[in-house]
Amino acid sequence: MKIGFLAMSGIRAHDPKLLALGLTLPGFVERSKTIASLPSLGLLYLAACTPAGHELTYFEAESDGAEPAAVYACDLVAISTFSAQIFEAYAIADRLRAAGVRVAMGGLHVSVCPDEALEHADYVIVGEGENVWPEVVRAAEKRETKRIFQAREFASVDVSKLPTPRYDLLGDRPYNRFTVQTTRGCPWRCDFCASNVMLGQPYRKRPAEHVVRDIAAIQRLRPQPFIEFADDNTFVDKSWGKELCRKLEPLHLRWFAETDISVADDSELLELMSKSGCRQILIGLESPDQSPLEGIELRHNFKARRASDYRDAIREVQSHRITVNGCFILGLDRHTPDIFEQVLDFAVDNDLFDVQITILTAFPGTPLYDRLSREGRIIEQRRWDLCTLFDVNFVPAGMSPQQLREGIYWLSERLYGEQCTKRRRRAFLKAAGERPSRQQSSGVPPGD
Ligand code: B12
């Protein structure tokens, strides 16, 4: 069969004012460009797990939700989508099926809404795809009827046996970064986190040599790639993290990872990260002070316990020539309209190199979604297209939806304006020894 792998690309946001701001503020625009064009790692894994004897092609739908014409030549198309573009993905699936192409859909959204997806696809896959996908291909070959495949009915995915994703299928598309996974999962089950819905699984680490093997496959395509570790929390296990960094060092990479504040506890790890090419870590700080963080995790209360360390931790990480991208979620239950100014002050006072502000979002399948639904606080039910992190679709506890919107406009204009961006970065660039001709482009981590 001809099998197509179709990723939904681009960043989504509906709020017109925020979109307009995004088009004008330098920090915002650069960051969006950097991340908007990452390939779908999930699909590259599926391609690697496809039984032999099929012709495989990787496609991307455009940001306007249009599919490339060539995808209609496929017998089977695997679509991967998050919630924000699910309706665009369903429309594509409908068009493909009307043209006689069989469609399989998987990923985080359809894993929690499989019945909804089955109205648009022949095969819907719930959970991690690697061990299920060969069975889906066989079903499509035999033209079996529509059905839902549950990953839990197959062997669970052993991350120490994952194949190298089929990066070769990406051809010479102009990606500015490539994703590699080193771990799956996160021990801190935050109630808003949409990744957790996939994970009845514990936190899993891949063997460091397999990560190196996968990066070598990327380097065969692009000699000097910028690697984005597509993990939820890379450095939970510090000694494994050190082993990974030691193995990365000879590769002369530049890389980015998402992790938690505890990396700052281990200066040996930070030094190894820096030496092996770590340019930036993204940390979900969520709120500058402890109180709004109380209870946001289902267990551990990690972030609330560590909030008082945030300032020192940022300084410590950035002193190792690694920039911090501090993420804040606006609209947490204990946030009042003061929060916008608090975030601005925190970012400036602590020289945060990059800052990501997003709106609290109730993704389907999350404990947050259930709670807000129960409390009657979801404004429009099943508006998955508003799950962009930039649109308000709930009634905050400490302000009105309009105050939340206005607050994020106010904060975006200040945080991402040229003056403030320069000011936040000044200390890092100075400490980095005035060497940053490559580092000064706004919004992009040094070296990018
Ligand atoms: C890297 C990343 C991105 C990248 C790349 C996205 C891409 N094209 O794949 C970029 C920066 C572009 C991005 C953008 C966005 N992201 Co993002 N991103 C991630 C991150 C950190 C890792 C994703 C990843 O590579 N995972 C590794 C792969 C191997 O896992 P996977 O994709 O889930 O695939 C597995 C299974 O889901 C399944 N599967 C997936 N698809 C299919 C299809 C078939 C047919 C089958 C059989 C199986 C299958 O099998 C795969 C292998 O096991 C996640 C966090 C996370 N842990 O998922 C957030 C995350 C996916 N992003 C999220 C969001 C909200 C967004 C945005 C909507 C934000 C915005 N405002 O635009 C955008 C839009 C996404 C887009 N247009 O593609 C949310 C999604 C929640 C949701 N339910 O929608 C997440 C979960 C973050 C979070 N914790 O909230 N993102």
# chains A, B, ... in the order shown; residues from 1 in each chain; ligands from 1
>>> residues_near_ligand(ligand="ligand 1", cutoff="7 Å", atoms="only C-alpha atoms and all ligand atoms", output="MDAnalysis selection string")
chainID A and resid 7:13 35:43 45:46 78:85 104:109 125 127:130 132:133 179 181 185 193:195 230:232 363:364 387:390
>>> residues_around(residues="Pro288 in chain A", least_positions_apart="5", cutoff="8 Å", atoms="only C-alpha atoms", output="PyMOL selection string")
chain A and resi 307+310+328+342-343+346
>>> write_last_selection(atoms="C-alpha atoms", output="short mmCIF file (atom, residue, chain, number, x, y, z; two decimals), in the first residue's frame")
data_model
loop_
_atom_site.label_atom_id
_atom_site.label_comp_id
_atom_site.auth_asym_id
_atom_site.auth_seq_id
_atom_site.Cartn_x
_atom_site.Cartn_y
_atom_site.Cartn_z
CA ALA A 307 8.13 28.07 44.42
CA TYR A 310 12.40 29.85 41.76
CA PHE A 328 3.41 30.97 33.39
CA GLN A 342 3.35 40.04 39.29
CA VAL A 343 4.47 37.97 36.30
CA PHE A 346 9.06 38.49 38.30
#
>>> select_by_dssp(residues="range 181-255 of chain A", states="alpha helix (DSSP H)", output="VMD selection string")
chain A and resid 208 to 221 238 to 248
>>> closest_residue(among="A:Asp333, A:Asp260, A:Glu88, A:Asp351", to="Glu294 in chain A", atoms="only C-alpha atoms")
A:Asp333
>>> select_by_dssp(residues="range 125-359 of chain A", states="strand (DSSP E or B)", output="PyMOL selection string")
chain A and resi 125-126+147-150+178-180+183-184+190+204-205+226-229+254-259+278-286+297+323-330+354-359
>>> residues_around(residues="His335 in chain A", least_positions_apart="4", cutoff="12 Å", atoms="only C-alpha atoms", output="list in words")
Glu286, Ser287, Pro288, Asp289, Gln290, Ser291, Pro292, Leu293, Glu294, Phe328, Ile329, Leu330, Gly331, Ile339, Phe340, Glu341, Gln342, Val343, Ile359, Leu360, Pro396, Ala397, Gly398, Met399, Ser400, Gln403, Leu404 and Gly407 of chain A
>>> closest_atom_pairs(of="range 200-222 of chain A", to="range 156-160 of chain A", cutoff="12 Å", atoms="only C-alpha atoms", output="Markdown table")
| residue | atom | partner | partner_atom | distance |
| --- | --- | --- | --- | --- |
| A:Gly200 | CA | A:Ser156 | CA | 10.3 |
| A:Gln201 | CA | A:Ser156 | CA | 9.0 |
| A:Pro202 | CA | A:Val159 | CA | 11.5 |
| A:Tyr203 | CA | A:Val159 | CA | 10.5 |
| A:Arg204 | CA | A:Val159 | CA | 7.0 |
| A:Lys205 | CA | A:Val159 | CA | 7.1 |
| A:Arg206 | CA | A:Ser160 | CA | 5.3 |
| A:Pro207 | CA | A:Ser160 | CA | 6.0 |
| A:Ala208 | CA | A:Ser160 | CA | 9.6 |
| A:Glu209 | CA | A:Ser160 | CA | 10.0 |
| A:His210 | CA | A:Ser160 | CA | 7.8 |
| A:Val211 | CA | A:Ser160 | CA | 10.1 |
>>> closest_residue(among="A:Val77, A:Leu253, A:Val355, A:Val180", to="Pro163 in chain A", atoms="only C-alpha atoms")
A:Val180
>>> closest_residue(among="A:Phe192, A:Phe302, A:Trp255, A:Phe229", to="Thr361 in chain A", atoms="only C-alpha atoms")
A:Phe192
>>> residues_around(residues="Ile296 in chain A", least_positions_apart="6", cutoff="9 Å", atoms="only C-alpha atoms", output="PyMOL selection string")
chain A and resi 189-192+303-304+332
>>> residues_around(residues="Ile218 in chain A", least_positions_apart="3", cutoff="8 Å", atoms="only C-alpha atoms", output="ChimeraX atom specification")
/A:167-168,178,214-215,221-223,225
>>> write_last_selection(atoms="N, CA and C atoms", output="tab-separated table (two decimals), in the first residue's frame")
chain	number	residue	atom	x	y	z
A	167	TYR	N	13.33	9.81	10.36
A	167	TYR	CA	13.65	11.21	10.01
A	167	TYR	C	13.92	11.34	8.51
A	168	ASP	N	14.40	10.25	7.91
A	168	ASP	CA	14.73	10.32	6.48
A	168	ASP	C	13.51	10.69	5.63
A	178	PHE	N	14.84	19.67	15.10
A	178	PHE	CA	14.35	18.30	15.00
A	178	PHE	C	14.04	17.80	16.41
A	214	ASP	N	19.72	8.01	17.59
A	214	ASP	CA	18.69	8.75	16.84
A	214	ASP	C	19.23	10.10	16.36
A	215	ILE	N	20.03	10.73	17.21
A	215	ILE	CA	20.61	12.02	16.80
A	215	ILE	C	21.56	11.81	15.62
A	221	LEU	N	21.24	13.60	7.98
A	221	LEU	CA	20.42	14.45	7.10
A	221	LEU	C	20.84	15.91	7.17
A	222	ARG	N	21.14	16.36	8.40
A	222	ARG	CA	21.55	17.76	8.63
A	222	ARG	C	22.76	17.71	9.56
A	223	PRO	N	23.92	18.10	9.09
A	223	PRO	CA	25.13	17.93	9.90
A	223	PRO	C	25.10	18.69	11.22
A	225	PRO	N	22.33	19.93	13.39
A	225	PRO	CA	20.93	20.17	13.73
A	225	PRO	C	20.78	20.84	15.09
>>> residues_around(residues="range 262-270 of chain A", least_positions_apart="5", cutoff="12 Å", atoms="only C-alpha atoms", output="ChimeraX atom specification")
/A:233-246,257,275-285,302-303,305-307,309-324
>>> write_last_selection(atoms="N, CA and C atoms", output="short mmCIF file (atom, residue, chain, number, x, y, z; two decimals), in the first residue's frame")
data_model
loop_
_atom_site.label_atom_id
_atom_site.label_comp_id
_atom_site.auth_asym_id
_atom_site.auth_seq_id
_atom_site.Cartn_x
_atom_site.Cartn_y
_atom_site.Cartn_z
N ASN A 233 9.49 16.14 30.77
CA ASN A 233 10.36 16.50 31.89
C ASN A 233 11.63 15.64 31.79
N THR A 234 12.64 16.20 31.12
CA THR A 234 13.80 15.36 30.76
C THR A 234 14.65 14.95 31.96
N PHE A 235 14.93 15.89 32.89
CA PHE A 235 15.96 15.59 33.89
C PHE A 235 15.41 15.27 35.28
N VAL A 236 14.46 14.36 35.31
CA VAL A 236 13.93 13.92 36.62
C VAL A 236 15.01 13.10 37.32
N ASP A 237 15.67 12.21 36.56
CA ASP A 237 16.70 11.34 37.13
C ASP A 237 18.07 11.98 36.81
N LYS A 238 18.69 12.52 37.85
CA LYS A 238 19.91 13.31 37.61
C LYS A 238 21.07 12.44 37.14
N SER A 239 21.21 11.22 37.68
CA SER A 239 22.40 10.46 37.25
C SER A 239 22.23 9.96 35.81
N TRP A 240 21.01 9.61 35.43
CA TRP A 240 20.77 9.27 34.02
C TRP A 240 21.00 10.51 33.14
N GLY A 241 20.59 11.66 33.63
CA GLY A 241 20.77 12.91 32.89
C GLY A 241 22.24 13.19 32.63
N LYS A 242 23.07 12.92 33.65
CA LYS A 242 24.51 13.16 33.48
C LYS A 242 25.09 12.20 32.44
N GLU A 243 24.64 10.97 32.51
CA GLU A 243 25.12 9.98 31.53
C GLU A 243 24.73 10.43 30.11
N LEU A 244 23.49 10.90 29.98
CA LEU A 244 23.04 11.38 28.67
C LEU A 244 23.93 12.53 28.18
N CYS A 245 24.16 13.50 29.05
CA CYS A 245 24.95 14.67 28.63
C CYS A 245 26.38 14.27 28.25
N ARG A 246 26.95 13.34 29.02
CA ARG A 246 28.33 12.90 28.68
C ARG A 246 28.34 12.29 27.29
N ALA A 257 15.52 21.57 26.05
CA ALA A 257 14.71 20.54 26.73
C ALA A 257 13.71 21.20 27.67
N LYS A 275 27.98 22.02 28.71
CA LYS A 275 29.09 21.55 27.85
C LYS A 275 28.60 20.74 26.67
N SER A 276 27.47 20.04 26.86
CA SER A 276 27.00 19.18 25.77
C SER A 276 26.11 19.96 24.80
N GLY A 277 25.96 21.27 25.01
CA GLY A 277 25.28 22.08 24.01
C GLY A 277 23.88 22.54 24.39
N CYS A 278 23.51 22.38 25.66
CA CYS A 278 22.17 22.84 26.06
C CYS A 278 22.13 24.37 25.97
N ARG A 279 21.19 24.89 25.18
CA ARG A 279 21.09 26.33 25.01
C ARG A 279 19.96 26.90 25.86
N GLN A 280 18.94 26.10 26.04
CA GLN A 280 17.80 26.62 26.80
C GLN A 280 17.03 25.48 27.45
N ILE A 281 16.54 25.71 28.66
CA ILE A 281 15.56 24.79 29.23
C ILE A 281 14.27 25.56 29.48
N LEU A 282 13.19 24.88 29.20
CA LEU A 282 11.87 25.46 29.43
C LEU A 282 11.33 24.86 30.72
N ILE A 283 10.93 25.73 31.63
CA ILE A 283 10.46 25.24 32.93
C ILE A 283 9.05 25.77 33.20
N GLY A 284 8.15 24.88 33.52
CA GLY A 284 6.79 25.29 33.88
C GLY A 284 6.78 25.82 35.30
N LEU A 285 7.00 27.13 35.45
CA LEU A 285 6.95 27.74 36.78
C LEU A 285 5.49 27.93 37.18
N PHE A 302 4.67 19.36 44.16
CA PHE A 302 6.06 19.70 43.89
C PHE A 302 6.25 21.20 43.63
N LYS A 303 5.43 21.75 42.73
CA LYS A 303 5.66 23.15 42.34
C LYS A 303 5.41 24.10 43.50
N ARG A 305 5.80 23.43 46.60
CA ARG A 305 6.92 23.27 47.55
C ARG A 305 8.17 24.00 47.08
N ARG A 306 8.34 24.06 45.75
CA ARG A 306 9.59 24.62 45.23
C ARG A 306 9.49 26.10 44.82
N ALA A 307 8.30 26.70 44.92
CA ALA A 307 8.13 28.07 44.42
C ALA A 307 9.11 29.06 45.06
N ASP A 309 12.05 28.62 45.74
CA ASP A 309 13.39 28.46 45.17
C ASP A 309 13.51 29.04 43.77
N TYR A 310 12.39 29.47 43.18
CA TYR A 310 12.40 29.85 41.76
C TYR A 310 13.50 30.86 41.44
N ARG A 311 13.59 31.89 42.26
CA ARG A 311 14.53 32.97 41.93
C ARG A 311 15.97 32.46 41.88
N ASP A 312 16.37 31.75 42.94
CA ASP A 312 17.75 31.24 42.98
C ASP A 312 17.99 30.23 41.87
N ALA A 313 16.98 29.44 41.60
CA ALA A 313 17.14 28.39 40.59
C ALA A 313 17.38 28.99 39.20
N ILE A 314 16.64 30.03 38.88
CA ILE A 314 16.82 30.67 37.56
C ILE A 314 18.24 31.23 37.45
N ARG A 315 18.66 31.89 38.54
CA ARG A 315 20.00 32.47 38.53
C ARG A 315 21.05 31.37 38.34
N GLU A 316 20.87 30.27 39.08
CA GLU A 316 21.83 29.17 39.02
C GLU A 316 21.90 28.59 37.60
N VAL A 317 20.76 28.32 37.00
CA VAL A 317 20.77 27.73 35.65
C VAL A 317 21.43 28.70 34.67
N GLN A 318 21.02 29.96 34.72
CA GLN A 318 21.53 30.91 33.73
C GLN A 318 23.02 31.19 33.94
N SER A 319 23.51 30.96 35.19
CA SER A 319 24.94 31.16 35.42
C SER A 319 25.77 30.06 34.73
N HIS A 320 25.10 29.00 34.31
CA HIS A 320 25.80 27.94 33.57
C HIS A 320 25.65 28.12 32.05
N ARG A 321 25.35 29.33 31.62
CA ARG A 321 25.25 29.66 30.19
C ARG A 321 24.08 28.95 29.50
N ILE A 322 23.08 28.59 30.32
CA ILE A 322 21.86 27.99 29.77
C ILE A 322 20.73 28.99 30.04
N THR A 323 20.02 29.41 29.00
CA THR A 323 18.92 30.35 29.24
C THR A 323 17.70 29.59 29.77
N VAL A 324 16.90 30.31 30.55
CA VAL A 324 15.65 29.71 31.06
C VAL A 324 14.48 30.35 30.31
#
>>> atom_distance(atom1="CA of Thr336 in chain A", atom2="CA of Glu406 in chain A")
12.7 Å
>>> residues_around(residues="Pro134 in chain A", least_positions_apart="3", cutoff="7 Å", atoms="only C-alpha atoms", output="mmCIF file with N, CA, C and O atoms, in the first residue's frame")
data_model
loop_
_atom_site.group_PDB
_atom_site.id
_atom_site.type_symbol
_atom_site.label_atom_id
_atom_site.label_comp_id
_atom_site.auth_asym_id
_atom_site.auth_seq_id
_atom_site.Cartn_x
_atom_site.Cartn_y
_atom_site.Cartn_z
ATOM 1 N N CYS A 49 7.692 1.849 12.592
ATOM 2 C CA CYS A 49 7.081 0.596 13.055
ATOM 3 C C CYS A 49 6.179 -0.027 11.992
ATOM 4 O O CYS A 49 5.447 -0.978 12.272
ATOM 5 N N THR A 50 6.199 0.522 10.788
ATOM 6 C CA THR A 50 5.326 0.005 9.728
ATOM 7 C C THR A 50 5.913 -1.287 9.165
ATOM 8 O O THR A 50 7.119 -1.344 8.881
ATOM 9 N N PRO A 51 5.108 -2.331 9.020
ATOM 10 C CA PRO A 51 5.638 -3.571 8.431
ATOM 11 C C PRO A 51 6.248 -3.297 7.054
ATOM 12 O O PRO A 51 5.837 -2.357 6.365
ATOM 13 N N ASN A 131 3.059 -0.190 19.043
ATOM 14 C CA ASN A 131 2.740 -1.618 18.970
ATOM 15 C C ASN A 131 1.391 -1.901 18.318
ATOM 16 O O ASN A 131 1.102 -3.034 17.938
ATOM 17 N N VAL A 137 -2.310 -1.350 10.060
ATOM 18 C CA VAL A 137 -1.914 -1.484 8.648
ATOM 19 C C VAL A 137 -2.501 -2.781 8.076
ATOM 20 O O VAL A 137 -3.072 -2.796 6.972
ATOM 21 N N ARG A 138 -2.398 -3.841 8.851
ATOM 22 C CA ARG A 138 -2.958 -5.120 8.369
ATOM 23 C C ARG A 138 -4.467 -5.019 8.185
ATOM 24 O O ARG A 138 -5.032 -5.517 7.207
#
>>> closest_residue(among="A:Ala347, A:Ala52, A:Leu162, A:Leu6", to="Ala89 in chain A", atoms="only C-alpha atoms")
A:Leu6
>>> atom_distance(atom1="CA of Val212 in chain A", atom2="CA of Leu248 in chain A")
6.7 Å
>>> closest_residue(among="A:Phe353, A:Thr421, A:Glu249, A:Leu76", to="Leu272 in chain A", atoms="only C-alpha atoms")
A:Glu249
